[in-house]
Amino acid sequence: MTEPSEELEKLPFDEALRRLEGIVTQLESGNLSLEDSLLAFEQGMRLNKWCAGKLAEAEKKIEVLVKNAAGEWNWNELPPGAGGVSGKL
């Protein structure tokens, strides 16, 4: 159930998020033993940290892309419904 860091680094964002959601569902079900719950929680925390890092990277890339030629920021509102996370830029 543990995820080696090398394997985690190769994982696409969407797959990591899917796995994290699956872990949350398992934990919420209450059907895991204490030991399995702890292992799932540890794996979930690793996936959460990795996903948060990928989102932070994406945010930095977006900041660079919206900076205009004069070096001023052009903050544009996202259209309604465009705020969801798809893992794709």
# chains A, B, ... in the order shown; residues from 1 in each chain; ligands from 1
>>> residues_around(residues="Arg46 of chain A", least_positions_apart="2", cutoff="12 Å", atoms="only C-alpha atoms", output="VMD selection string")
chain A and resid 1 to 5 7 to 9 16 to 17 19 to 20 23 39 to 44 48 to 53
>>> atom_distance(atom1="atom CA of Leu11 of chain A", atom2="atom CA of Gln26 of chain A")
20.5 Å
>>> atom_distance(atom1="atom CA of Lys61 of chain A", atom2="atom CA of Pro12 of chain A")
17.3 Å
>>> atom_distance(atom1="atom CA of Asp14 of chain A", atom2="atom CA of Leu65 of chain A")
22.4 Å
